[in-house]
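Trainee: Structure file run-v7.pdb, PDB, C-alpha atoms, is pasted below:
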ATOM      1  CA  MET A   1      90.494  80.306 106.616  1.00  0.00           C
ATOM      2  CA  SER A   2      88.552  78.063 104.288  1.00  0.00           C
ATOM      3  CA  SER A   3      85.011  78.635 103.147  1.00  0.00           C
ATOM      4  CA  GLN A   4      84.313  74.985 104.002  1.00  0.00           C
ATOM      5  CA  TRP A   5      83.000  74.738 107.553  1.00  0.00           C
ATOM      6  CA  ARG A   6      84.432  71.837 109.488  1.00  0.00           C
ATOM      7  CA  PRO A   7      83.268  70.441 112.791  1.00  0.00           C
ATOM      8  CA  ARG A   8      84.204  72.624 115.756  1.00  0.00           C
ATOM      9  CA  ARG A   9      86.522  69.949 117.170  1.00  0.00           C
ATOM     10  CA  HIS A  10      88.663  70.035 114.014  1.00  0.00           C
ATOM     11  CA  GLN A  11      88.761  73.843 114.110  1.00  0.00           C
ATOM     12  CA  GLN A  12      89.904  73.783 117.721  1.00  0.00           C
ATOM     13  CA  ALA A  13      92.742  71.441 116.803  1.00  0.00           C
ATOM     14  CA  ARG A  14      93.830  73.800 114.009  1.00  0.00           C
ATOM     15  CA  GLU A  15      93.594  76.798 116.341  1.00  0.00           C
ATOM     16  CA  GLY A  16      95.808  75.002 118.840  1.00  0.00           C
ATOM     17  CA  HIS A  17      98.302  74.333 116.058  1.00  0.00           C
ATOM     18  CA  VAL A  18      98.473  78.056 115.251  1.00  0.00           C
ATOM     19  CA  VAL A  19      99.106  78.867 118.915  1.00  0.00           C
ATOM     20  CA  ARG A  20     101.832  76.208 119.185  1.00  0.00           C
ATOM     21  CA  LEU A  21     103.570  77.632 116.113  1.00  0.00           C
ATOM     22  CA  GLY A  22     103.924  80.931 117.921  1.00  0.00           C
ATOM     23  CA  ILE A  23     101.842  82.914 115.451  1.00  0.00           C
ATOM     24  CA  ARG A  24     100.647  86.117 117.117  1.00  0.00           C
ATOM     25  CA  SER A  25      98.887  87.960 114.290  1.00  0.00           C
ATOM     26  CA  ILE A  26      96.403  86.531 111.827  1.00  0.00           C
ATOM     27  CA  VAL A  27      95.000  88.362 108.819  1.00  0.00           C
ATOM     28  CA  VAL A  28      91.526  87.175 107.849  1.00  0.00           C
ATOM     29  CA  PHE A  29      91.163  87.880 104.123  1.00  0.00           C
ATOM     30  CA  PRO A  30      88.092  86.385 102.443  1.00  0.00           C
ATOM     31  CA  CYS A  31      88.838  85.970  98.744  1.00  0.00           C
ATOM     32  CA  PHE A  32      85.326  86.732  97.552  1.00  0.00           C
ATOM     33  CA  LEU A  33      84.064  89.297  95.054  1.00  0.00           C
ATOM     34  CA  PHE A  34      80.853  89.984  96.967  1.00  0.00           C
ATOM     35  CA  SER A  35      79.856  90.292 100.585  1.00  0.00           C
ATOM     36  CA  GLY A  36      77.222  87.958 101.902  1.00  0.00           C
ATOM     37  CA  VAL A  37      76.647  84.951 104.095  1.00  0.00           C
ATOM     38  CA  LEU A  38      80.079  83.350 103.717  1.00  0.00           C
ATOM     39  CA  VAL A  39      82.004  86.550 104.389  1.00  0.00           C
ATOM     40  CA  SER A  40      79.814  87.184 107.441  1.00  0.00           C
ATOM     41  CA  ARG A  41      80.414  83.621 108.673  1.00  0.00           C
ATOM     42  CA  ILE A  42      84.160  83.944 108.223  1.00  0.00           C
ATOM     43  CA  TYR A  43      84.266  87.211 110.178  1.00  0.00           C
ATOM     44  CA  HIS A  44      81.961  85.798 112.864  1.00  0.00           C
ATOM     45  CA  HIS A  45      84.117  82.688 113.249  1.00  0.00           C
ATOM     46  CA  SER A  46      87.299  84.738 113.515  1.00  0.00           C
ATOM     47  CA  ASP A  47      85.596  86.826 116.241  1.00  0.00           C
ATOM     48  CA  ARG A  48      84.829  83.625 118.176  1.00  0.00           C
ATOM     49  CA  VAL A  49      88.395  82.364 117.800  1.00  0.00           C
ATOM     50  CA  ALA A  50      89.732  85.780 118.847  1.00  0.00           C
ATOM     51  CA  ALA A  51      87.572  85.649 121.989  1.00  0.00           C
ATOM     52  CA  ASP A  52      88.993  82.189 122.792  1.00  0.00           C
ATOM     53  CA  HIS A  53      92.573  83.392 122.160  1.00  0.00           C
ATOM     54  CA  PRO A  54      93.016  86.960 123.419  1.00  0.00           C
ATOM     55  CA  GLU A  55      96.787  86.593 123.037  1.00  0.00           C
ATOM     56  CA  LEU A  56      96.348  86.574 119.228  1.00  0.00           C
ATOM     57  CA  GLU A  57      95.729  89.633 117.084  1.00  0.00           C
ATOM     58  CA  PHE A  58      93.130  89.211 114.350  1.00  0.00           C
ATOM     59  CA  LEU A  59      93.022  91.716 111.516  1.00  0.00           C
ATOM     60  CA  LYS A  60      89.980  91.476 109.267  1.00  0.00           C
ATOM     61  CA  ALA A  61      90.658  92.654 105.722  1.00  0.00           C
ATOM     62  CA  ALA A  62      87.884  93.564 103.328  1.00  0.00           C
ATOM     63  CA  TYR A  63      86.811  91.090 100.672  1.00  0.00           C
ATOM     64  CA  LEU A  64      88.034  91.727  97.095  1.00  0.00           C
ATOM     65  CA  SER A  65      84.937  93.640  95.978  1.00  0.00           C
ATOM     66  CA  ASP A  66      85.445  95.898  92.971  1.00  0.00           C
ATOM     67  CA  HIS A  67      89.111  96.643  93.507  1.00  0.00           C
ATOM     68  CA  PRO A  68      90.537  98.195  90.320  1.00  0.00           C
ATOM     69  CA  LEU A  69      92.970  95.301  89.802  1.00  0.00           C
ATOM     70  CA  VAL A  70      90.135  92.772  90.067  1.00  0.00           C
ATOM     71  CA  ILE A  71      88.157  94.716  87.452  1.00  0.00           C
ATOM     72  CA  ASP A  72      91.267  94.876  85.219  1.00  0.00           C
ATOM     73  CA  THR A  73      91.731  91.117  85.525  1.00  0.00           C
ATOM     74  CA  PHE A  74      88.108  90.471  84.538  1.00  0.00           C
ATOM     75  CA  ARG A  75      88.511  92.801  81.567  1.00  0.00           C
ATOM     76  CA  GLU A  76      91.666  90.960  80.445  1.00  0.00           C
ATOM     77  CA  ARG A  77      89.965  87.570  80.744  1.00  0.00           C
ATOM     78  CA  LEU A  78      86.950  88.777  78.757  1.00  0.00           C
ATOM     79  CA  GLU A  79      89.230  90.078  76.010  1.00  0.00           C
ATOM     80  CA  GLU A  80      90.973  86.683  75.928  1.00  0.00           C
ATOM     81  CA  VAL A  81      87.622  84.910  75.559  1.00  0.00           C
ATOM     82  CA  VAL A  82      86.594  87.206  72.707  1.00  0.00           C
ATOM     83  CA  ARG A  83      89.931  86.497  70.942  1.00  0.00           C
ATOM     84  CA  GLY A  84      89.572  82.751  71.615  1.00  0.00           C
ATOM     85  CA  ASP A  85      92.788  82.776  73.629  1.00  0.00           C
ATOM     86  CA  THR A  86      91.835  81.249  76.966  1.00  0.00           C
ATOM     87  CA  GLN A  87      95.111  79.580  77.931  1.00  0.00           C
ATOM     88  CA  MET A  88      94.863  80.274  81.637  1.00  0.00           C
ATOM     89  CA  ASN A  89      96.548  78.172  84.294  1.00  0.00           C
ATOM     90  CA  CYS A  90      93.118  76.818  85.213  1.00  0.00           C
ATOM     91  CA  SER A  91      92.327  75.575  81.685  1.00  0.00           C
ATOM     92  CA  LEU A  92      92.064  71.984  82.936  1.00  0.00           C
ATOM     93  CA  CYS A  93      89.619  72.790  85.738  1.00  0.00           C
ATOM     94  CA  LYS A  94      86.464  70.687  85.639  1.00  0.00           C
ATOM     95  CA  GLN A  95      84.441  73.758  86.704  1.00  0.00           C
ATOM     96  CA  ARG A  96      85.518  75.720  83.648  1.00  0.00           C
ATOM     97  CA  ALA A  97      82.806  76.397  81.062  1.00  0.00           C
TER
END
Step by step, read the file and then write its structure as structure tokens.
Mentor:
Amino acid sequence: MSSQWRPRRHQQAREGHVVRLGIRSIVVFPCFLFSGVLVSRIYHHSDRVAADHPELEFLKAAYLSDHPLVIDTFRERLEEVVRGDTQMNCSLCKQRA
């Protein structure tokens, strides 16, 4: 599920597509480091979709938070910055500082 909120009509079309594909279980996994408004919206939306489609199983996973592997990844990236070795796969991203 995207963090961009589209008009309800578009969401209904996508939901119908999932049903037509025969998908019966959906894992909702917000890829965020912190809880907050967007995570709440994602969970709320999946609750609404689940109510509209009782034949589907929705499993809501926790957001990333401070999982040890996330912390390790941040530590590695910081060490790369200190060394001046920031050759990540996102090095061409326009959002990169």
Trainee: What does the distance between atom CA of A:Tyr43 and atom CA of A:Thr73 come to in Å, to one decimal place?
Mentor: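 We find that atom CA of A:Tyr43 and atom CA of A:Thr73 lie 26.1 Å from each other.
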Trainee: So the first atom is atom CA of A:Ile42 and the second is atom CA of A:Val27; what is the distance between them in Å, to one decimal place?
Mentor: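 If I compute the distance from atom CA of A:Ile42 to atom CA of A:Val27, I get 11.7 Å.
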Trainee: Go through A:Leu69, A:Leu38, A:Ala62, A:Leu56 and flag the residue nearest A:Gly22, using all atoms listed in the file for the distances.
Mentor: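 Closest candidate: A:Leu56.
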Trainee: Between A:Leu59, A:Val18, A:Ala50, A:Val81, which one has atoms that come closest to A:Pro30, using only C-alpha atoms?
Mentor: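 The closest residue to A:Pro30 is A:Leu59.
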Trainee: What does the structure give for the distance between atom CA of A:His67 and atom CA of A:Arg24, in Å to one decimal?
Mentor: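 Separation between atom CA of A:His67 and atom CA of A:Arg24: 28.3 Å.
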Trainee: At a cut-off of 12 Å from (81.3, 88.4, 107.8) in the coordinates of the file, what residues are picked up using all atoms listed in the file, written as a PDB file with C-alpha atoms, keeping the file's coordinate frame?
Mentor:
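Result file is selection.pdb:
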ATOM      1  CA  SER A   3      85.011  78.635 103.147  1.00  0.00           C
ATOM      2  CA  VAL A  28      91.526  87.175 107.849  1.00  0.00           C
ATOM      3  CA  PHE A  29      91.163  87.880 104.123  1.00  0.00           C
ATOM      4  CA  PRO A  30      88.092  86.385 102.443  1.00  0.00           C
ATOM      5  CA  PHE A  32      85.326  86.732  97.552  1.00  0.00           C
ATOM      6  CA  PHE A  34      80.853  89.984  96.967  1.00  0.00           C
ATOM      7  CA  SER A  35      79.856  90.292 100.585  1.00  0.00           C
ATOM      8  CA  GLY A  36      77.222  87.958 101.902  1.00  0.00           C
ATOM      9  CA  VAL A  37      76.647  84.951 104.095  1.00  0.00           C
ATOM     10  CA  LEU A  38      80.079  83.350 103.717  1.00  0.00           C
ATOM     11  CA  VAL A  39      82.004  86.550 104.389  1.00  0.00           C
ATOM     12  CA  SER A  40      79.814  87.184 107.441  1.00  0.00           C
ATOM     13  CA  ARG A  41      80.414  83.621 108.673  1.00  0.00           C
ATOM     14  CA  ILE A  42      84.160  83.944 108.223  1.00  0.00           C
ATOM     15  CA  TYR A  43      84.266  87.211 110.178  1.00  0.00           C
ATOM     16  CA  HIS A  44      81.961  85.798 112.864  1.00  0.00           C
ATOM     17  CA  HIS A  45      84.117  82.688 113.249  1.00  0.00           C
ATOM     18  CA  SER A  46      87.299  84.738 113.515  1.00  0.00           C
ATOM     19  CA  ASP A  47      85.596  86.826 116.241  1.00  0.00           C
ATOM     20  CA  ARG A  48      84.829  83.625 118.176  1.00  0.00           C
ATOM     21  CA  LYS A  60      89.980  91.476 109.267  1.00  0.00           C
ATOM     22  CA  ALA A  61      90.658  92.654 105.722  1.00  0.00           C
ATOM     23  CA  ALA A  62      87.884  93.564 103.328  1.00  0.00           C
ATOM     24  CA  TYR A  63      86.811  91.090 100.672  1.00  0.00           C
TER      25      TYR A  63
END
Trainee: Extending 5 Å beyond the listed atoms of stretch 29-46 of chain A on each side, what axis-aligned box results? I want centre and edge lengths in Å to one decimal, as lines of an AutoDock Vina configuration file.
Mentor:
center_x = 83.9
center_y = 86.5
center_z = 104.3
size_x = 24.5
size_y = 17.6
size_z = 28.5
Trainee: Go through A:Leu64, A:Asp52, A:Arg77, A:Glu57 one by one, measure the shortest atom-to-atom distance of each to A:Ser25 using all atoms listed in the file, and give the residue with the smallest value.
Mentor: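 The closest residue to A:Ser25 is A:Glu57.
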